[in-house]
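K.L.:
This structure is in structure tokens; I'll ask about it shortly.
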Amino acid sequence: MKNKSLFKFCSHLCTRRMCPRDLRCTATQVRRRFLWRRGGGTWSAAWTSTFKYEEPGHQSDSLPTVIRLFDEASPAENMANAYLQGVEISASQFLDIFRHYDKDGNGYIEGKELQNFIKELQHARKQAGLELTDQMRAFVEEYEENDDGKIDITELAKILPTEENFFLFFHQQLKSCAEFMEAWRKYDADHSGYIEADELKSFLRDLLQRANKPYDEEKLEEYTAITLKIFDSDNDGKLCLAEMARLLPEQENFLLKFEGVKMDTSEFNTIFELYDKDRNGYMDENELDALLKDLCEKNETVLEISNLSTYKNAIMALSDGGKLYRTELALVLCAEEL
């Protein structure tokens, strides 16, 4: 297959979602990635570890030929070369990268996973003749020698160039855990304790409009589907509060602190009734303050008393006009559904 023919054929496969590796490139991305030259049937390409065409005069445009060319590299090499060479990637491709390196599916790239990512990132950039960006260089310096390092999906978004900056966009619009909790209360319209697909779509639409970010219904559907794929850990088609809170940077996600102090239903009900001093069926700010102080003192290795006001403000954002009902508090403190 001649250089130009192979370029044309791969463009055809990519734009029609027929790529044997399902890399899902757009035509623009194909044009950016391929740096071919005439003569001798030899490729000079960004994907040199993927495409090793060394057969002058070979004219076959068959799919098996392209599959063979793809299969000469490992999936990890294909991923690194396809997605890590400075070309802007889509939100879907970004998700593929995160899932590829998060081998154990625990929501973090850590330990050996992180070291492999760093090595393949450096290799891919070098192979494409590109320097690391300032963000990439700072990232490598911080984590290259740190075997205990770990990053979540939002931290990965800071170093990989994406077409939409999809994940960083959330951080720009939801700057604190209190804002996040207010958004949760608004979009959990049926108070089910979950954000379902239609509610999630409304949440994303309003965020996009608030940021004056252009979108169409197809793109909105893509964002909704990707958000569910990333954060719906139990694959039930909806997000609980803890799952959706992963949109926040880890340092802002106070709910991670409360994972270690959650109670079963019986203990939670007992605690709620104990601190609901006037027995009116809800807690006010003072009653919640008393509860949180006791929790901090009892679990001082997990909850920091210095962050008491942050915890209280975020949890009260779930309240109805200052009335924090049992079901709302259970989202934070109960390990089971009421």
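Scheme for the structure tokens: letters A, B, ... for chains in order shown; per-chain residue numbers from 1; ligand numbers from 1 in order shown.
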If we count only C-alpha atoms, what is near Asp264 in chain A at a cut-off of 7 Å, once residues fewer than 2 positions away on the same chain are taken out, given as an mmCIF file with N, CA, C and O atoms, in the first residue's frame?
P.N.:
```cif
data_model
loop_
_atom_site.group_PDB
_atom_site.id
_atom_site.type_symbol
_atom_site.label_atom_id
_atom_site.label_comp_id
_atom_site.auth_asym_id
_atom_site.auth_seq_id
_atom_site.Cartn_x
_atom_site.Cartn_y
_atom_site.Cartn_z
ATOM 1 N N SER A 266 -29.385 1.392 61.350
ATOM 2 C CA SER A 266 -29.832 1.443 62.742
ATOM 3 C C SER A 266 -29.052 2.483 63.539
ATOM 4 O O SER A 266 -29.639 3.291 64.283
ATOM 5 N N GLU A 267 -27.735 2.478 63.401
ATOM 6 C CA GLU A 267 -26.911 3.442 64.136
ATOM 7 C C GLU A 267 -27.194 4.864 63.676
ATOM 8 O O GLU A 267 -27.278 5.789 64.484
ATOM 9 N N PHE A 268 -27.373 5.043 62.354
ATOM 10 C CA PHE A 268 -27.655 6.385 61.841
ATOM 11 C C PHE A 268 -28.959 6.925 62.406
ATOM 12 O O PHE A 268 -29.028 8.091 62.843
ATOM 13 N N CYS A 334 -24.823 7.799 56.150
ATOM 14 C CA CYS A 334 -25.352 6.426 56.197
ATOM 15 C C CYS A 334 -24.785 5.582 55.064
ATOM 16 O O CYS A 334 -24.822 5.997 53.900
ATOM 17 N N ALA A 335 -24.306 4.406 55.408
ATOM 18 C CA ALA A 335 -23.690 3.517 54.413
ATOM 19 C C ALA A 335 -24.731 2.715 53.643
ATOM 20 O O ALA A 335 -24.406 2.068 52.642
ATOM 21 N N GLU A 336 -25.977 2.774 54.078
ATOM 22 C CA GLU A 336 -27.043 2.007 53.441
ATOM 23 C C GLU A 336 -28.170 2.947 53.022
ATOM 24 O O GLU A 336 -28.290 4.062 53.531
#
```
K.L.:
Would you list, as number ranges by chain, the residues of range 57-279 of chain A that end up in alpha helix (DSSP H) under DSSP run on this structure's backbone?
P.N.:
A: 63-71, 75-83, 91-101, 112-127, 134-143, 153-157, 166-173, 177-187, 197-210, 217-231, 241-244, 255-258, 265-275
K.L.:
At a cut-off of 8 Å, using only C-alpha atoms, what residues contact Glu328 in chain A? Leave out same-chain residues fewer than 6 positions from it and give the result as a list in words.
P.N.:
Gly193, Leu318 and Ser319 of chain A
K.L.:
Ranking A:Asp147, A:Ala91, A:Lys229, A:Arg205 by minimum distance to Asn116 in chain A and counting only C-alpha atoms, which one comes first?
P.N.:
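For Asn116 in chain A, the nearest of the given residues is A:Asp147.
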K.L.:
Do you know which residues are at most 6 Å from Tyr282 in chain A counting only C-alpha atoms, after dropping those on the same chain fewer than 5 positions away, and could you put them as a list in words?
P.N.:
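In the requested format, the answer is Lys323, Leu324 and Tyr325 of chain A.
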K.L.:
Would you mind exporting the chosen residues as a PDB file, in the first residue's frame, restricted to all heavy atoms?
P.N.:
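Output contents, as saved in result-v3.pdb:
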```pdb
ATOM      1  N   LYS A 323     -33.458  23.451  57.005  1.00  0.00           N
ATOM      2  CA  LYS A 323     -33.981  22.237  57.628  1.00  0.00           C
ATOM      3  C   LYS A 323     -33.328  21.024  56.960  1.00  0.00           C
ATOM      4  O   LYS A 323     -33.595  20.719  55.798  1.00  0.00           O
ATOM      5  CB  LYS A 323     -35.495  22.161  57.470  1.00  0.00           C
ATOM      6  CG  LYS A 323     -36.242  23.318  58.117  1.00  0.00           C
ATOM      7  CD  LYS A 323     -37.740  23.230  57.862  1.00  0.00           C
ATOM      8  CE  LYS A 323     -38.487  24.404  58.500  1.00  0.00           C
ATOM      9  NZ  LYS A 323     -39.956  24.321  58.233  1.00  0.00           N
ATOM     10  N   LEU A 324     -32.455  20.352  57.701  1.00  0.00           N
ATOM     11  CA  LEU A 324     -31.735  19.199  57.169  1.00  0.00           C
ATOM     12  C   LEU A 324     -32.456  17.924  57.584  1.00  0.00           C
ATOM     13  O   LEU A 324     -32.372  17.488  58.737  1.00  0.00           O
ATOM     14  CB  LEU A 324     -30.293  19.191  57.688  1.00  0.00           C
ATOM     15  CG  LEU A 324     -29.377  18.091  57.133  1.00  0.00           C
ATOM     16  CD1 LEU A 324     -29.119  18.301  55.640  1.00  0.00           C
ATOM     17  CD2 LEU A 324     -28.055  18.063  57.886  1.00  0.00           C
ATOM     18  N   TYR A 325     -33.170  17.339  56.628  1.00  0.00           N
ATOM     19  CA  TYR A 325     -33.978  16.167  56.940  1.00  0.00           C
ATOM     20  C   TYR A 325     -33.131  14.903  56.960  1.00  0.00           C
ATOM     21  O   TYR A 325     -31.997  14.865  56.484  1.00  0.00           O
ATOM     22  CB  TYR A 325     -35.121  16.040  55.938  1.00  0.00           C
ATOM     23  CG  TYR A 325     -36.185  17.115  56.124  1.00  0.00           C
ATOM     24  CD1 TYR A 325     -36.169  18.270  55.344  1.00  0.00           C
ATOM     25  CD2 TYR A 325     -37.173  16.968  57.090  1.00  0.00           C
ATOM     26  CE1 TYR A 325     -37.130  19.263  55.524  1.00  0.00           C
ATOM     27  CE2 TYR A 325     -38.149  17.962  57.271  1.00  0.00           C
ATOM     28  CZ  TYR A 325     -38.113  19.102  56.479  1.00  0.00           C
ATOM     29  OH  TYR A 325     -39.052  20.076  56.671  1.00  0.00           O
TER      30      TYR A 325
END
```
K.L.:
Among range 100-160 of chain A, which residues does DSSP mark as strand (DSSP E or B) when it is run on the backbone? Keep the chain and numbering as in the structure and answer as a list in words.
P.N.:
Ile109, Glu110, Lys150 and Ile151 of chain A
K.L.:
I'd like the neighbourhood of range 186-190 of chain A as a list in words, where a residue qualifies if any of its atoms comes within 9 Å (using only C-alpha atoms), though same-chain residues fewer than 5 positions away should be ignored.
P.N.:
Met181, Ile195, Glu196, Glu199, Leu200, Ser202, Phe203 and Leu318 of chain A
K.L.:
Leaving out Leu114 in chain A and any residue of its chain fewer than 3 positions from it, which residues lie within 8 Å of it when counting only C-alpha atoms, given as a PDB file with C-alpha atoms, in the first residue's frame?
P.N.:
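Output file selection_39.pdb follows:
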```pdb
ATOM      1  CA  TYR A 101      -3.892   2.973  32.712  1.00  0.00           C
ATOM      2  CA  ILE A 109      -3.688   5.816  38.257  1.00  0.00           C
ATOM      3  CA  GLU A 110      -1.191   4.868  40.934  1.00  0.00           C
ATOM      4  CA  GLY A 111       2.005   2.977  41.694  1.00  0.00           C
ATOM      5  CA  PHE A 117       1.920   6.116  32.097  1.00  0.00           C
ATOM      6  CA  ILE A 118       4.871   8.472  32.645  1.00  0.00           C
ATOM      7  CA  TYR A 143       5.729  11.703  40.183  1.00  0.00           C
ATOM      8  CA  GLY A 149       2.056   8.627  43.873  1.00  0.00           C
ATOM      9  CA  LYS A 150      -1.482   8.512  42.548  1.00  0.00           C
ATOM     10  CA  ILE A 151      -3.681  10.750  40.412  1.00  0.00           C
TER      11      ILE A 151
END
```
